[in-house]
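K.L.:
Input coords-v3.cif, format and content: mmCIF, C-alpha atoms.
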```cif
data_input
#
loop_
_atom_site.group_PDB
_atom_site.id
_atom_site.type_symbol
_atom_site.label_atom_id
_atom_site.label_comp_id
_atom_site.auth_asym_id
_atom_site.auth_seq_id
_atom_site.Cartn_x
_atom_site.Cartn_y
_atom_site.Cartn_z
ATOM 1 C CA MET A 1 89.589 206.911 291.741
ATOM 2 C CA ALA A 2 87.738 203.747 292.637
ATOM 3 C CA GLY A 3 89.153 201.461 295.302
ATOM 4 C CA PRO A 4 89.653 197.703 294.914
ATOM 5 C CA LEU A 5 86.276 196.979 296.561
ATOM 6 C CA ALA A 6 84.314 199.269 294.262
ATOM 7 C CA ARG A 7 81.925 197.384 291.995
ATOM 8 C CA SER A 8 79.955 198.559 289.076
ATOM 9 C CA PRO A 9 76.290 199.257 289.844
ATOM 10 C CA GLY A 10 75.209 196.684 287.273
ATOM 11 C CA GLY A 11 77.673 194.012 288.401
ATOM 12 C CA PRO A 12 76.752 190.757 290.117
ATOM 13 C CA LEU A 13 75.966 190.730 293.839
ATOM 14 C CA PHE A 14 77.341 187.951 296.004
ATOM 15 C CA PRO A 15 75.602 187.342 299.350
ATOM 16 C CA PRO A 16 77.940 186.753 302.270
ATOM 17 C CA SER A 17 78.394 183.169 303.343
ATOM 18 C CA ALA A 18 78.687 181.955 306.910
ATOM 19 C CA PRO A 19 82.220 181.059 308.031
ATOM 20 C CA ASP A 20 82.969 177.342 308.424
ATOM 21 C CA TRP A 21 83.351 177.570 312.216
ATOM 22 C CA LEU A 22 79.836 179.026 312.470
ATOM 23 C CA VAL A 23 78.323 176.412 310.190
ATOM 24 C CA ARG A 24 79.868 173.630 312.323
ATOM 25 C CA ALA A 25 79.042 175.260 315.675
ATOM 26 C CA PRO A 26 76.666 173.515 318.072
ATOM 27 C CA ARG A 27 73.241 174.903 318.740
ATOM 28 C CA TRP A 28 71.536 175.328 322.083
ATOM 29 C CA GLU A 29 67.843 175.859 322.666
ATOM 30 C CA LEU A 30 66.173 177.362 325.715
ATOM 31 C CA ASP A 31 63.979 174.623 327.157
ATOM 32 C CA PRO A 32 61.680 175.990 329.881
ATOM 33 C CA LEU A 33 61.155 172.465 331.229
ATOM 34 C CA ALA A 34 64.771 171.249 331.212
ATOM 35 C CA PRO A 35 65.446 169.630 334.582
ATOM 36 C CA ALA A 36 67.985 171.376 336.791
ATOM 37 C CA LEU A 37 70.683 169.432 338.577
ATOM 38 C CA GLY A 38 71.418 171.954 341.302
ATOM 39 C CA PRO A 39 69.725 174.683 343.327
ATOM 40 C CA ALA A 40 68.588 176.953 340.452
ATOM 41 C CA ALA A 41 65.129 176.707 338.922
ATOM 42 C CA SER A 42 64.319 174.319 336.106
ATOM 43 C CA GLY A 43 64.470 175.628 332.568
ATOM 44 C CA GLY A 44 67.800 176.020 330.837
ATOM 45 C CA TRP A 45 69.779 175.820 327.641
ATOM 46 C CA VAL A 46 70.077 172.338 326.135
ATOM 47 C CA ARG A 47 71.865 171.104 323.050
ATOM 48 C CA SER A 48 69.877 170.973 319.862
ATOM 49 C CA PRO A 49 69.636 167.289 318.946
ATOM 50 C CA ALA A 50 70.202 168.176 315.300
ATOM 51 C CA ARG A 51 73.765 169.448 315.795
ATOM 52 C CA ALA A 52 76.910 168.025 317.363
ATOM 53 C CA TRP A 53 79.946 170.046 318.375
ATOM 54 C CA GLY A 54 82.190 170.701 315.381
ATOM 55 C CA SER A 55 80.323 168.611 312.827
ATOM 56 C CA GLY A 56 77.131 168.378 310.886
ATOM 57 C CA GLU A 57 76.424 164.968 312.360
ATOM 58 C CA PRO A 58 73.581 164.437 314.837
ATOM 59 C CA ALA A 59 74.652 164.694 318.461
ATOM 60 C CA VAL A 60 74.982 161.294 320.103
ATOM 61 C CA PRO A 61 76.271 160.526 323.573
ATOM 62 C CA ARG A 62 79.630 158.785 323.677
ATOM 63 C CA ASP A 63 81.280 156.600 326.235
ATOM 64 C CA PRO A 64 83.963 158.667 328.072
ATOM 65 C CA SER A 65 86.367 155.739 327.766
ATOM 66 C CA ASP A 66 86.613 156.333 324.010
ATOM 67 C CA ARG A 67 88.308 159.724 324.500
ATOM 68 C CA PRO A 68 91.945 158.615 323.931
ATOM 69 C CA GLY A 69 92.802 158.746 320.259
ATOM 70 C CA ASP A 70 89.420 160.117 319.243
ATOM 71 C CA PRO A 71 90.098 163.316 317.270
ATOM 72 C CA ALA A 72 86.455 164.374 317.576
ATOM 73 C CA ARG A 73 86.912 164.561 321.347
ATOM 74 C CA PRO A 74 89.850 166.770 322.262
ATOM 75 C CA GLU A 75 91.321 166.678 325.743
ATOM 76 C CA PRO A 76 89.798 169.153 328.241
ATOM 77 C CA GLY A 77 91.128 172.623 327.694
ATOM 78 C CA GLY A 78 91.695 172.128 323.985
ATOM 79 C CA THR A 79 88.423 173.749 322.956
ATOM 80 C CA GLY A 80 86.440 176.911 323.474
ATOM 81 C CA VAL A 81 84.022 177.742 326.256
ATOM 82 C CA GLY A 82 81.376 180.448 326.256
ATOM 83 C CA LEU A 83 80.391 182.345 329.409
ATOM 84 C CA PHE A 84 77.261 184.291 328.532
ATOM 85 C CA GLN A 85 74.708 186.326 330.469
ATOM 86 C CA LEU A 86 71.472 185.579 328.654
ATOM 87 C CA THR A 87 68.407 185.413 330.869
ATOM 88 C CA ASP A 88 68.990 187.670 333.883
ATOM 89 C CA LEU A 89 71.574 189.927 335.509
ATOM 90 C CA GLU A 90 72.190 187.644 338.482
ATOM 91 C CA SER A 91 73.553 184.654 336.581
ATOM 92 C CA PHE A 92 75.473 183.513 333.534
ATOM 93 C CA TRP A 93 75.547 180.361 331.432
ATOM 94 C CA VAL A 94 78.483 178.127 330.555
ATOM 95 C CA PHE A 95 78.431 176.585 327.072
ATOM 96 C CA ALA A 96 81.099 174.001 326.284
ATOM 97 C CA PRO A 97 81.589 170.798 324.299
ATOM 98 C CA ALA A 98 79.865 167.871 326.004
ATOM 99 C CA ALA A 99 83.259 166.215 326.485
ATOM 100 C CA ASP A 100 84.417 169.158 328.641
ATOM 101 C CA VAL A 101 81.346 169.627 330.854
ATOM 102 C CA ALA A 102 82.497 167.188 333.556
ATOM 103 C CA ASP A 103 85.920 168.873 333.754
ATOM 104 C CA ILE A 104 84.325 172.315 334.019
ATOM 105 C CA MET A 105 81.920 171.104 336.704
ATOM 106 C CA ALA A 106 84.851 169.711 338.708
ATOM 107 C CA ARG A 107 86.662 173.052 338.347
ATOM 108 C CA CYS A 108 83.588 174.901 339.625
ATOM 109 C CA GLU A 109 83.298 172.566 342.601
ATOM 110 C CA ALA A 110 86.970 173.169 343.420
ATOM 111 C CA LEU A 111 86.468 176.953 343.167
ATOM 112 C CA VAL A 112 83.998 176.952 346.096
ATOM 113 C CA THR A 113 86.959 177.837 348.309
ATOM 114 C CA ASP A 114 87.487 181.014 346.227
ATOM 115 C CA HIS A 115 83.834 182.090 346.298
ATOM 116 C CA PRO A 116 80.855 180.439 348.034
ATOM 117 C CA ALA A 117 78.548 181.302 345.106
ATOM 118 C CA PHE A 118 80.016 178.308 343.235
ATOM 119 C CA THR A 119 77.779 176.133 345.456
ATOM 120 C CA TRP A 120 74.927 177.359 343.211
ATOM 121 C CA LEU A 121 76.344 175.487 340.206
ATOM 122 C CA THR A 122 73.402 174.040 338.281
ATOM 123 C CA GLY A 123 73.487 171.784 335.231
ATOM 124 C CA TYR A 124 70.711 171.389 332.671
ATOM 125 C CA PHE A 125 70.107 168.196 330.742
ATOM 126 C CA ASP A 126 68.038 167.360 327.695
ATOM 127 C CA ALA A 127 65.710 164.405 327.186
ATOM 128 C CA ARG A 128 68.722 162.244 326.237
ATOM 129 C CA ASP A 129 70.456 163.076 329.566
ATOM 130 C CA ILE A 130 73.182 165.025 327.793
ATOM 131 C CA ALA A 131 74.467 168.060 329.663
ATOM 132 C CA GLY A 132 73.523 171.181 327.772
ATOM 133 C CA SER A 133 74.697 174.072 329.890
ATOM 134 C CA LEU A 134 75.748 175.120 333.352
ATOM 135 C CA ARG A 135 74.404 178.097 335.284
ATOM 136 C CA LEU A 136 76.269 180.069 337.934
ATOM 137 C CA PRO A 137 75.736 183.320 339.848
ATOM 138 C CA SER A 138 77.343 186.413 338.286
ATOM 139 C CA PRO A 139 80.089 186.847 340.935
ATOM 140 C CA CYS A 140 81.602 183.552 339.734
ATOM 141 C CA LEU A 141 82.272 184.776 336.196
ATOM 142 C CA PRO A 142 85.684 186.466 336.602
ATOM 143 C CA ILE A 143 86.976 183.634 338.784
ATOM 144 C CA LEU A 144 85.827 180.912 336.383
ATOM 145 C CA GLU A 145 87.050 182.851 333.348
ATOM 146 C CA ALA A 146 90.555 183.134 334.844
ATOM 147 C CA ASP A 147 90.582 179.469 335.895
ATOM 148 C CA LEU A 148 89.498 178.211 332.477
ATOM 149 C CA ALA A 149 91.979 180.453 330.654
ATOM 150 C CA SER A 150 94.828 179.214 332.869
ATOM 151 C CA ALA A 151 93.791 175.641 332.024
ATOM 152 C CA GLY A 152 94.128 176.345 328.300
ATOM 153 C CA TYR A 153 90.507 176.865 327.341
ATOM 154 C CA ALA A 154 89.735 179.615 324.835
ATOM 155 C CA VAL A 155 87.118 181.616 326.741
ATOM 156 C CA ASP A 156 84.557 183.907 325.115
ATOM 157 C CA THR A 157 82.314 186.114 327.222
ATOM 158 C CA TRP A 158 79.223 188.109 326.478
ATOM 159 C CA TRP A 159 78.190 190.179 329.416
#
```
Write the structure described by the file as structure tokens, please.

P.N.:
Amino acid sequence: MAGPLARSPGGPLFPPSAPDWLVRAPRWELDPLAPALGPAASGGWVRSPARAWGSGEPAVPRDPSDRPGDPARPEPGGTGVGLFQLTDLESFWVFAPAADVADIMARCEALVTDHPAFTWLTGYFDARDIAGSLRLPSPCLPILEADLASAGYAVDTWW
């Protein structure tokens, strides 16, 4: 007996389509020359200028004062954050909406009292001076993950 997913061998094939959240997701590119704002070496992940967070529109910097009432810019903690180990075992990268980067940086600076490795916080900026990613030493990951989750961020990790 054939199940509901069984198709005839001569039937049409339908390629899978990407989910909407993936189509709207921002893109980051590894730029070996991206300037580092912090003690880590230059070269980091920057936002692709062709994609903005949550839309198909080009990424453009916005004035932070336009945050209230702007549905495209949720309050900090209302969005997702990625904590990913991508380039080496000693560090991980923080990927977040541009509107949340300043809040996450402030959280990292406050967490220095929990672990001194947070002093190695390094930000990477693209040619438009838009923060692309943050880099931290590996021991900071569980502390930052717990702090962000308690603040209401949806945190994804890839370790």

K.L.:
Evaluate the PyMOL selection byres ((chain A and resi 102) around 12) on the structure here and hand back the selected residues as a list of chain:residue names.

P.N.:
A:Pro64, A:Glu75, A:Pro76, A:Gly77, A:Ala96, A:Pro97, A:Ala98, A:Ala99, A:Asp100, A:Val101, A:Asp103, A:Ile104, A:Met105, A:Ala106, A:Arg107, A:Cys108, A:Glu109, A:Gly123, A:Ile130, A:Ala131, A:Gly132, A:Ser133, A:Leu134

K.L.:
For each of A:Pro116, A:Leu89, A:Arg128, A:Phe84, take the minimum atom-to-atom distance to Pro35 in chain A, counting only C-alpha atoms, then give the residue where this is smallest.

P.N.:
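Checking each candidate against Pro35 in chain A, we get A:Arg128 as the closest.
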
K.L.:
Expand the PyMOL selection byres ((chain A and resi 142) around 12) into the explicit residue set it covers here, and present it as a list of chain:residue names.

P.N.:
A:Leu83, A:Phe84, A:Phe92, A:Leu111, A:Asp114, A:His115, A:Phe118, A:Leu136, A:Pro137, A:Ser138, A:Pro139, A:Cys140, A:Leu141, A:Ile143, A:Leu144, A:Glu145, A:Ala146, A:Asp147, A:Leu148, A:Ala149, A:Val155, A:Asp156, A:Thr157, A:Trp159

K.L.:
Could you tell me how far CA of Asp126 in chain A sits from CA of Asp31 in chain A, in Å to one decimal place?

P.N.:
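These atoms are spaced 8.3 Å apart.
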
K.L.:
Just how far from CA of Pro49 in chain A is CA of Thr119 in chain A, in Å to one decimal?

P.N.:
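We find that CA of Thr119 in chain A and CA of Pro49 in chain A lie 29.1 Å from each other.
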
K.L.:
Quick one: pull the distance between CA of Gly152 in chain A and CA of Gly80 in chain A, Å, one decimal.

P.N.:
9.1 Å

K.L.:
Apply the PyMOL selection byres ((chain A and resi 39-44) around 8) to the structure shown and report the selected residues as a list in words.

P.N.:
Leu30, Asp31, Pro32, Leu33, Ala34, Pro35, Ala36, Leu37, Gly38, Trp45, Val46, Trp120, Leu121, Thr122, Tyr124, Ser133 and Arg135 of chain A

K.L.:
Let me see the file: selected residues, C-alpha atoms, as a compact mmCIF listing (two decimals), in the coordinates of the input.

P.N.:
```
# COMPACT_ATOMS: atom_id res chain seq x y z
CA LEU A 30 66.17 177.36 325.71
CA ASP A 31 63.98 174.62 327.16
CA PRO A 32 61.68 175.99 329.88
CA LEU A 33 61.16 172.46 331.23
CA ALA A 34 64.77 171.25 331.21
CA PRO A 35 65.45 169.63 334.58
CA ALA A 36 67.98 171.38 336.79
CA LEU A 37 70.68 169.43 338.58
CA GLY A 38 71.42 171.95 341.30
CA TRP A 45 69.78 175.82 327.64
CA VAL A 46 70.08 172.34 326.14
CA TRP A 120 74.93 177.36 343.21
CA LEU A 121 76.34 175.49 340.21
CA THR A 122 73.40 174.04 338.28
CA TYR A 124 70.71 171.39 332.67
CA SER A 133 74.70 174.07 329.89
CA ARG A 135 74.40 178.10 335.28
```

K.L.:
Model the absent atoms of range 33-45 of chain A so that N, CA, C and O atoms are present, and write the result as a short mmCIF file (atom, residue, chain, number, x, y, z; two decimals), keeping the file's coordinate frame.

P.N.:
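What ended up in out-v8.cif:
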```
data_model
loop_
_atom_site.label_atom_id
_atom_site.label_comp_id
_atom_site.auth_asym_id
_atom_site.auth_seq_id
_atom_site.Cartn_x
_atom_site.Cartn_y
_atom_site.Cartn_z
N LEU A 33 61.43 173.62 330.37
CA LEU A 33 61.16 172.46 331.23
C LEU A 33 62.39 171.62 331.50
O LEU A 33 62.30 170.58 332.15
N ALA A 34 63.55 172.04 331.01
CA ALA A 34 64.77 171.25 331.21
C ALA A 34 65.02 171.09 332.71
O ALA A 34 65.03 172.06 333.46
N PRO A 35 65.21 169.85 333.15
CA PRO A 35 65.45 169.63 334.58
C PRO A 35 66.79 170.22 335.02
O PRO A 35 67.77 170.19 334.28
N ALA A 36 66.78 170.77 336.21
CA ALA A 36 67.98 171.38 336.79
C ALA A 36 68.62 170.40 337.77
O ALA A 36 67.95 169.86 338.63
N LEU A 37 69.92 170.22 337.62
CA LEU A 37 70.68 169.43 338.58
C LEU A 37 71.48 170.42 339.42
O LEU A 37 72.59 170.79 339.09
N GLY A 38 70.83 170.92 340.46
CA GLY A 38 71.42 171.95 341.30
C GLY A 38 70.32 172.83 341.89
O GLY A 38 69.14 172.57 341.69
N PRO A 39 70.71 173.88 342.60
CA PRO A 39 69.72 174.68 343.33
C PRO A 39 68.93 175.69 342.49
O PRO A 39 67.93 176.20 342.96
N ALA A 40 69.33 175.98 341.27
CA ALA A 40 68.59 176.95 340.45
C ALA A 40 67.30 176.32 339.92
O ALA A 40 67.13 175.10 339.94
N ALA A 41 66.42 177.17 339.43
CA ALA A 41 65.13 176.71 338.92
C ALA A 41 65.29 175.90 337.65
O ALA A 41 66.29 176.02 336.93
N SER A 42 64.29 175.07 337.35
CA SER A 42 64.32 174.32 336.11
C SER A 42 64.16 175.28 334.93
O SER A 42 63.72 176.41 335.09
N GLY A 43 64.51 174.80 333.77
CA GLY A 43 64.47 175.63 332.57
C GLY A 43 65.85 176.14 332.25
O GLY A 43 66.40 176.96 332.98
N GLY A 44 66.45 175.61 331.19
CA GLY A 44 67.80 176.02 330.84
C GLY A 44 68.10 175.73 329.39
O GLY A 44 67.26 175.26 328.63
N TRP A 45 69.33 176.02 329.01
CA TRP A 45 69.78 175.82 327.64
C TRP A 45 70.25 174.38 327.46
O TRP A 45 71.07 173.89 328.21
#
```
